[in-house]
Every structure is written in structure tokens, then in C-alpha cells.
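**Student:** This one is protein32.tsv, TSV, C-alpha atoms.
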```tsv
chain	number	residue	atom	x	y	z
P	17	MET	CA	-25.63	-23.47	16.14
P	18	THR	CA	-25.71	-19.90	14.88
P	19	THR	CA	-22.37	-18.79	16.28
P	20	ARG	CA	-21.01	-18.47	12.77
P	21	ASP	CA	-23.34	-15.57	11.95
P	22	ARG	CA	-22.60	-13.48	14.99
P	23	PRO	CA	-21.42	-9.99	14.07
P	24	LEU	CA	-17.77	-9.41	14.80
P	25	SER	CA	-15.79	-6.22	14.92
P	26	PRO	CA	-15.08	-3.98	13.09
P	27	HIS	CA	-18.75	-2.97	12.78
P	28	LEU	CA	-18.36	-0.64	9.82
P	29	GLN	CA	-22.09	-0.41	9.22
P	30	ILE	CA	-22.83	0.68	12.79
P	31	TYR	CA	-20.41	3.51	13.51
P	32	ARG	CA	-21.32	7.08	12.61
P	33	TRP	CA	-18.99	8.18	9.85
P	34	GLN	CA	-16.30	10.65	10.74
P	35	TRP	CA	-13.21	12.09	9.15
P	36	THR	CA	-10.55	10.10	11.00
P	37	MET	CA	-12.50	6.90	10.38
P	38	ALA	CA	-12.50	7.55	6.63
P	39	LEU	CA	-8.71	7.84	6.79
P	40	SER	CA	-8.42	4.57	8.66
P	41	ILE	CA	-10.55	2.71	6.09
P	42	THR	CA	-8.62	4.35	3.27
P	43	HIS	CA	-5.39	3.11	4.84
P	44	ARG	CA	-6.69	-0.45	4.51
P	45	ILE	CA	-8.05	0.02	1.00
P	46	THR	CA	-4.79	1.56	-0.24
P	47	GLY	CA	-2.87	-1.24	1.48
P	48	VAL	CA	-4.86	-3.91	-0.36
P	49	ALA	CA	-4.56	-1.95	-3.62
P	50	LEU	CA	-0.79	-1.67	-3.18
P	51	ALA	CA	-0.57	-5.42	-2.59
P	52	ALA	CA	-2.36	-5.92	-5.92
P	53	GLY	CA	-0.05	-3.30	-7.44
P	54	THR	CA	2.99	-5.43	-6.65
P	55	LEU	CA	1.96	-7.45	-9.74
P	56	LEU	CA	2.98	-4.40	-11.77
P	57	LEU	CA	6.33	-4.20	-9.99
P	58	VAL	CA	7.06	-7.90	-10.58
P	59	TRP	CA	5.94	-7.65	-14.22
P	60	TRP	CA	8.32	-4.71	-14.75
P	61	LEU	CA	11.28	-6.55	-13.17
P	62	LEU	CA	10.62	-9.82	-15.03
P	63	ALA	CA	10.24	-7.97	-18.33
P	64	ALA	CA	13.53	-6.17	-17.74
P	65	ALA	CA	15.16	-9.55	-17.07
P	66	MET	CA	13.61	-11.14	-20.16
P	67	GLY	CA	14.79	-8.59	-22.70
P	68	PRO	CA	14.03	-5.53	-24.83
P	69	GLU	CA	10.82	-6.87	-26.45
P	70	ALA	CA	9.17	-7.81	-23.17
P	71	TYR	CA	10.29	-4.51	-21.66
P	72	ALA	CA	8.89	-2.54	-24.60
P	73	GLN	CA	5.49	-4.12	-23.89
P	74	VAL	CA	5.57	-2.83	-20.30
P	75	GLU	CA	6.60	0.63	-21.46
P	76	ALA	CA	3.81	0.67	-24.06
P	77	ALA	CA	1.23	-0.43	-21.46
P	78	MET	CA	2.39	2.29	-19.04
P	79	ALA	CA	2.32	4.95	-21.79
P	80	HIS	CA	-1.32	4.09	-22.58
P	81	TRP	CA	-3.86	6.35	-20.85
P	82	LEU	CA	-5.28	3.41	-18.92
P	83	GLY	CA	-1.79	2.43	-17.76
P	84	ARG	CA	-1.14	6.03	-16.74
P	85	LEU	CA	-4.38	6.08	-14.78
P	86	VAL	CA	-3.40	2.90	-12.94
P	87	LEU	CA	0.06	4.33	-12.23
P	88	PHE	CA	-1.47	7.58	-11.00
P	89	GLY	CA	-3.77	5.73	-8.60
P	90	TRP	CA	-0.85	3.50	-7.57
P	91	SER	CA	1.37	6.50	-6.79
P	92	TRP	CA	-1.31	8.25	-4.73
P	93	ALA	CA	-2.11	5.01	-2.86
P	94	LEU	CA	1.60	4.59	-2.11
P	95	PHE	CA	2.05	8.15	-0.83
P	96	TYR	CA	-1.16	7.98	1.19
P	97	HIS	CA	-0.27	4.64	2.81
P	98	LEU	CA	3.27	5.90	3.43
P	99	SER	CA	2.13	9.17	5.03
P	100	ASN	CA	-0.61	7.60	7.11
P	101	GLY	CA	1.74	4.74	7.96
P	102	ILE	CA	4.13	7.23	9.54
P	103	ARG	CA	1.12	8.61	11.48
P	104	HIS	CA	0.44	5.06	12.67
P	105	LEU	CA	4.07	4.63	13.75
P	106	PHE	CA	3.76	7.75	15.94
P	107	TRP	CA	0.65	6.23	17.53
P	108	ASP	CA	2.59	3.01	18.11
P	109	ALA	CA	5.14	5.11	19.99
P	110	GLY	CA	2.29	6.45	22.14
P	111	ARG	CA	2.13	9.91	20.60
P	112	GLY	CA	-0.54	11.94	18.81
P	113	TYR	CA	-3.68	10.51	20.42
P	114	GLU	CA	-5.24	13.87	21.42
P	115	LEU	CA	-8.39	14.62	19.39
P	116	ARG	CA	-7.02	17.87	17.99
P	117	THR	CA	-3.69	16.27	17.08
P	118	GLY	CA	-5.50	13.35	15.48
P	119	HIS	CA	-7.54	15.65	13.26
P	120	ALA	CA	-4.55	17.85	12.41
P	121	THR	CA	-2.38	14.88	11.42
P	122	ALA	CA	-5.29	13.48	9.38
P	123	TRP	CA	-5.32	16.67	7.30
P	124	LEU	CA	-1.55	16.63	7.11
P	125	VAL	CA	-1.60	13.07	5.73
P	126	VAL	CA	-4.16	13.89	3.03
P	127	LEU	CA	-2.31	17.05	1.99
P	128	ALA	CA	1.09	15.31	2.02
P	129	SER	CA	-0.21	12.44	-0.12
P	130	LEU	CA	-1.68	14.86	-2.67
P	131	ALA	CA	1.43	17.07	-2.70
P	132	LEU	CA	3.82	14.12	-3.13
P	133	THR	CA	1.66	12.67	-5.92
P	134	ALA	CA	1.54	16.04	-7.70
P	135	LEU	CA	5.29	16.50	-7.30
P	136	THR	CA	6.04	13.01	-8.64
P	137	TRP	CA	3.86	13.52	-11.72
P	138	ALA	CA	5.19	17.02	-12.34
P	139	ILE	CA	8.71	15.59	-12.36
P	140	GLY	CA	7.59	12.63	-14.48
P	141	TYR	CA	5.94	14.80	-17.11
P	142	GLY	CA	8.89	17.18	-16.96
P	143	ILE	CA	11.21	14.30	-17.85
P	144	ILE	CA	9.21	13.06	-20.84
P	145	GLY	CA	8.38	16.63	-21.86
P	146	GLY	CA	4.60	16.80	-21.59
R	19	MET	CA	10.68	-32.59	27.24
R	20	SER	CA	11.02	-29.00	28.20
R	21	PHE	CA	12.58	-27.70	31.38
R	22	ARG	CA	10.94	-24.30	30.95
R	23	THR	CA	8.20	-23.48	33.42
R	24	PRO	CA	4.65	-23.02	32.11
R	25	LEU	CA	4.86	-19.33	33.01
R	26	ALA	CA	8.02	-18.87	30.97
R	27	ARG	CA	6.36	-20.47	27.96
R	28	ALA	CA	3.19	-18.39	28.22
R	29	ARG	CA	4.83	-15.10	29.02
R	30	GLY	CA	4.36	-12.48	26.32
R	31	LEU	CA	2.40	-14.64	23.92
R	32	GLY	CA	-1.06	-13.20	24.58
R	33	SER	CA	-4.42	-14.35	23.19
R	34	ALA	CA	-3.23	-14.80	19.61
R	35	GLY	CA	-0.75	-17.43	20.78
R	36	GLU	CA	2.11	-15.98	18.79
R	37	GLY	CA	2.88	-12.97	20.90
R	38	THR	CA	3.88	-9.69	19.32
R	39	GLY	CA	5.87	-11.25	16.46
R	40	HIS	CA	3.35	-10.37	13.76
R	41	TRP	CA	2.80	-6.83	15.04
R	42	TRP	CA	6.51	-6.17	15.44
R	43	ALA	CA	7.45	-7.53	12.00
R	44	GLN	CA	4.80	-5.31	10.41
R	45	ARG	CA	6.28	-2.23	12.13
R	46	LEU	CA	9.88	-3.09	11.29
R	47	THR	CA	9.05	-3.60	7.61
R	48	ALA	CA	6.99	-0.38	7.67
R	49	ILE	CA	9.96	1.60	8.98
R	50	ALA	CA	12.24	0.05	6.36
R	51	LEU	CA	9.75	0.81	3.59
R	52	VAL	CA	9.63	4.56	4.27
R	53	PRO	CA	13.09	5.32	2.82
R	54	LEU	CA	13.00	2.37	0.39
R	55	CYS	CA	9.75	3.51	-1.26
R	56	LEU	CA	10.89	7.13	-1.57
R	57	TRP	CA	14.20	5.94	-3.07
R	58	PHE	CA	12.36	3.62	-5.48
R	59	VAL	CA	9.94	6.28	-6.75
R	60	ALA	CA	12.84	8.70	-7.29
R	61	GLY	CA	14.77	5.95	-9.09
R	62	ILE	CA	12.05	4.86	-11.52
R	63	LEU	CA	11.18	8.49	-12.30
R	64	GLY	CA	14.56	8.65	-14.01
R	65	LEU	CA	13.67	5.57	-16.08
R	66	ILE	CA	10.45	6.87	-17.64
R	67	GLY	CA	10.63	6.23	-21.36
R	68	ALA	CA	14.37	5.55	-21.11
R	69	GLY	CA	14.09	2.08	-22.59
R	70	HIS	CA	15.37	-1.38	-21.71
R	71	GLY	CA	19.08	-0.60	-21.65
R	72	ALA	CA	18.75	2.21	-19.10
R	73	ALA	CA	16.43	0.15	-16.88
R	74	VAL	CA	18.77	-2.84	-16.86
R	75	ALA	CA	21.80	-0.64	-16.17
R	76	TRP	CA	19.97	0.99	-13.24
R	77	ILE	CA	18.81	-2.33	-11.75
R	78	ALA	CA	22.23	-3.96	-12.26
R	79	SER	CA	24.22	-1.40	-10.29
R	80	PRO	CA	25.17	-3.05	-6.97
R	81	PHE	CA	23.68	-0.27	-4.84
R	82	ASN	CA	20.34	-0.37	-6.65
R	83	ALA	CA	20.21	-4.18	-6.89
R	84	ILE	CA	20.71	-4.57	-3.14
R	85	LEU	CA	18.19	-1.86	-2.23
R	86	LEU	CA	15.71	-3.36	-4.73
R	87	ALA	CA	16.11	-6.80	-3.15
R	88	LEU	CA	15.54	-5.27	0.30
R	89	LEU	CA	12.50	-3.40	-1.05
R	90	ILE	CA	11.06	-6.62	-2.50
R	91	PHE	CA	11.59	-8.52	0.75
R	92	ALA	CA	10.05	-5.74	2.87
R	93	VAL	CA	7.15	-5.13	0.47
R	94	PHE	CA	6.03	-8.74	0.29
R	95	HIS	CA	6.59	-9.44	3.98
R	96	HIS	CA	4.69	-6.29	4.96
R	97	GLY	CA	2.00	-6.91	2.35
R	98	GLN	CA	1.19	-10.47	3.37
R	99	LEU	CA	1.16	-9.52	7.07
R	100	GLY	CA	-1.27	-6.69	6.30
R	101	LEU	CA	-3.55	-8.80	4.08
R	102	GLN	CA	-3.62	-11.46	6.79
R	103	VAL	CA	-5.01	-8.92	9.28
R	104	VAL	CA	-7.62	-7.73	6.78
R	105	ILE	CA	-8.71	-11.33	6.09
R	106	GLU	CA	-8.85	-12.12	9.82
R	107	ASP	CA	-11.05	-9.07	10.36
R	108	TYR	CA	-13.57	-9.64	7.60
R	109	VAL	CA	-13.65	-13.37	6.80
R	110	HIS	CA	-15.26	-15.20	9.69
R	111	THR	CA	-15.78	-18.69	8.26
R	112	GLU	CA	-12.81	-20.60	9.60
R	113	TRP	CA	-11.91	-22.70	6.53
R	114	ARG	CA	-12.36	-19.75	4.15
R	115	LYS	CA	-10.20	-17.55	6.36
R	116	ILE	CA	-7.38	-20.09	6.54
R	117	ALA	CA	-7.58	-20.91	2.81
R	118	LEU	CA	-7.38	-17.22	1.89
R	119	ILE	CA	-4.46	-16.55	4.24
R	120	VAL	CA	-2.57	-19.54	2.83
R	121	CYS	CA	-3.22	-18.30	-0.73
R	122	VAL	CA	-1.95	-14.82	0.19
R	123	LYS	CA	1.22	-16.21	1.79
R	124	PHE	CA	1.94	-18.48	-1.17
R	125	ALA	CA	1.30	-15.67	-3.66
R	126	ALA	CA	3.60	-13.31	-1.75
R	127	LEU	CA	6.34	-15.95	-1.71
R	128	ILE	CA	6.00	-16.73	-5.42
R	129	LEU	CA	5.90	-13.06	-6.49
R	130	GLY	CA	8.74	-12.13	-4.15
R	131	LEU	CA	10.94	-14.96	-5.43
R	132	ALA	CA	10.11	-14.09	-9.05
R	133	ALA	CA	11.14	-10.48	-8.43
R	134	LEU	CA	14.36	-11.50	-6.66
R	135	PHE	CA	15.15	-13.90	-9.50
R	136	ALA	CA	14.68	-11.11	-12.03
R	137	ILE	CA	16.93	-8.75	-10.05
R	138	GLY	CA	19.58	-11.46	-9.68
R	139	ARG	CA	19.49	-12.34	-13.36
R	140	ILE	CA	19.93	-8.69	-14.33
R	141	ALA	CA	22.61	-7.99	-11.73
R	142	PHE	CA	24.70	-11.09	-12.43
R	143	GLY	CA	24.15	-11.09	-16.21
R	144	ASN	CA	22.37	-13.81	-18.14
```
Show me this structure written as C-alpha cells.
**Tutor:**
Amino acid sequence: MTTRDRPLSPHLQIYRWQWTMALSITHRITGVALAAGTLLLVWWLLAAAMGPEAYAQVEAAMAHWLGRLVLFGWSWALFYHLSNGIRHLFWDAGRGYELRTGHATAWLVVLASLALTALTWAIGYGIIGG
Amino acid sequence: MSFRTPLARARGLGSAGEGTGHWWAQRLTAIALVPLCLWFVAGILGLIGAGHGAAVAWIASPFNAILLALLIFAVFHHGQLGLQVVIEDYVHTEWRKIALIVCVKFAALILGLAALFAIGRIAFGN
């Protein structure tokens, strides 16, 4: 029996790449990344519950350039998944399926995710003073 | 023994056998997460470099503790539902698929409970 090896959808390697498809894949990738990122959230909460020493470790890790890079990626992934998630909710309500609307909202999602990430980090760096 | 007719039992369940429950739960948690995530990002921005005392005080306030608990519930429910769909789409060997989904559900439960425990401990004092 070879049924196990039959190709099943989604056939990523077969479709011609297009803009809206890249957004769809990115929605998945950011979703998986955010699921992994919950480890950071739980670590932060547990450290806060454990005490000042454990919490200082989290703060030190997040102040490190590598920690900052992870946080930066995490924040963009969150804003992207959030923005595109709202786009998905409109589709679920039966709206926004026209080709032009689909492309326009795709651009809107990318711009919104970048703008929200930039805003968050501008505020963040404003608070710690550079 | 059930007095429900076969049609009543089958109605609305579809090919997946569980109906729209999964789909609907993913949407409900998604809607809840829109304001919760924005609130959370705004909240932790104020805690950057503020130290342990400020973080604990923020988490312990009743408003924040309750919203944080809701956020944790919605995040892990939404996350495990989403990962389940990804696994179902890309892992086609039956035992591997089921094993992975079980691992994801257990991990979500453990992490979610750990986070809720931490919030509770901070909110109610040691």
C-alpha cells in the first residue's frame, strides 16, 4: 500500500508564488513562532512569582542584544498575526474577498504590522532613554 | 440508549465529526485576543527596566491579574487549536500526527497552568 505517500493539500511546492499567498504562509509561521514565544511569557511570570533574583535574570536576558532581537521578532510576529488575524475575521464574516480588496488589505496588514512594531519600540526606547 | 434520531445526532457535525466547535473556538479566542494583546503590550512597555517590585505590583492589581489570566487562557487555547491545524495539514503519518497533537495539548495545558499559578501567587501574596 502506498496510500501513505500520496500528496495532500496544501501543495506549497506546486502553486505559483504570489503576494497574498506569502501573507497566508507568514500568518502560519508567525502563529507557530508566537506559540514558541509563550515560553518567554511563562518564564517572565514565573520569575516574577519566584522573586527579585529570578526576575533580574529575565531582565538581564531581555537587555542583552540577543534578547532584544528575539523580543523585536516576537513583537513584529504578534502585530502581524494580530493584523492579519483581523483580516481573517472579516473573511469569516464573508467580507473582503474581491481581488482588489484582498490585495489592498494585504498591504494594509504589512504596513500596520511594521507601524505598530516601530511605535512599540519607539515608546520602549523612549522609556529607557536610548 | 438515546432517543435522538440519527439525523439529529449527525446534523451540523460535518466530515471532521466534531462540527464547528474547533473553528468557532479559534475565532472566539481570536476576537478576545485583539484587545487583550494590545492591552498587554501597552502594559509591559511600562515595565521595561522597572525591576521586580514594579512588575509584581502591576501583575497583582486585580484588574491586571484578571486580564492576564484571561490572556493566558485565550493565548494557550488559541495556540493549541492553531498548532493542531498546522500539524493536521503537514504531518500525514497517523501515529506521528496524533502523538504531536497530544504533545502540543499537554504542553499548552502545563504552560497555561504554570502561568496561572504564577499570576495567582503574585496576586494573592506568597
**Student:** Rank R:Ala117, R:Ala136, R:Ile62, R:Ile128 by their smallest atom-to-atom distance to chain P, using all atoms listed in the file, and report the top residue only.
**Tutor:**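 Looking only at the distances to chain P, the closest residue turns out to be R:Ala136.
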**Student:** Counting all atoms listed in the file, what is within 10 Å of region 119-127 of chain R, bar same-chain residues fewer than 5 positions away, as an MDAnalysis selection string?
**Tutor:** (chainID P and resid 51 54) or (chainID R and resid 91 93:99 101:106 113:114 132:133)
**Student:** Define the interface residues of chain R facing chain P as those within 9 Å, counting only C-alpha atoms, and report them as a VMD selection string.
**Tutor:** chain R and resid 45 48 to 49 51 to 52 55 to 56 59 to 60 63 to 64 66 to 67 69 to 71 73 to 74 77 93 to 94 97 to 98 100 to 101 104 107 to 108 110 to 111 126 129 to 130 132 to 140 144
**Student:** Kindly give the distance, in Å, that separates CA of Met37 (chain P) and CA of Leu87 (chain P), rounded to a single decimal.
**Tutor:**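 So the two atoms, CA of Met37 (chain P) and CA of Leu87 (chain P), lie 26.0 Å apart.
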**Student:** Do you have the CA of Ala38 (chain P)-CA of Leu124 (chain P) distance handy?
**Tutor:**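 So the answer is 14.2 Å.
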**Student:** For a test of reading the model, state the distance in Å between CA of Ala128 (chain P) and CA of Tyr96 (chain P), rounded to one decimal.
**Tutor:** 7.7 Å
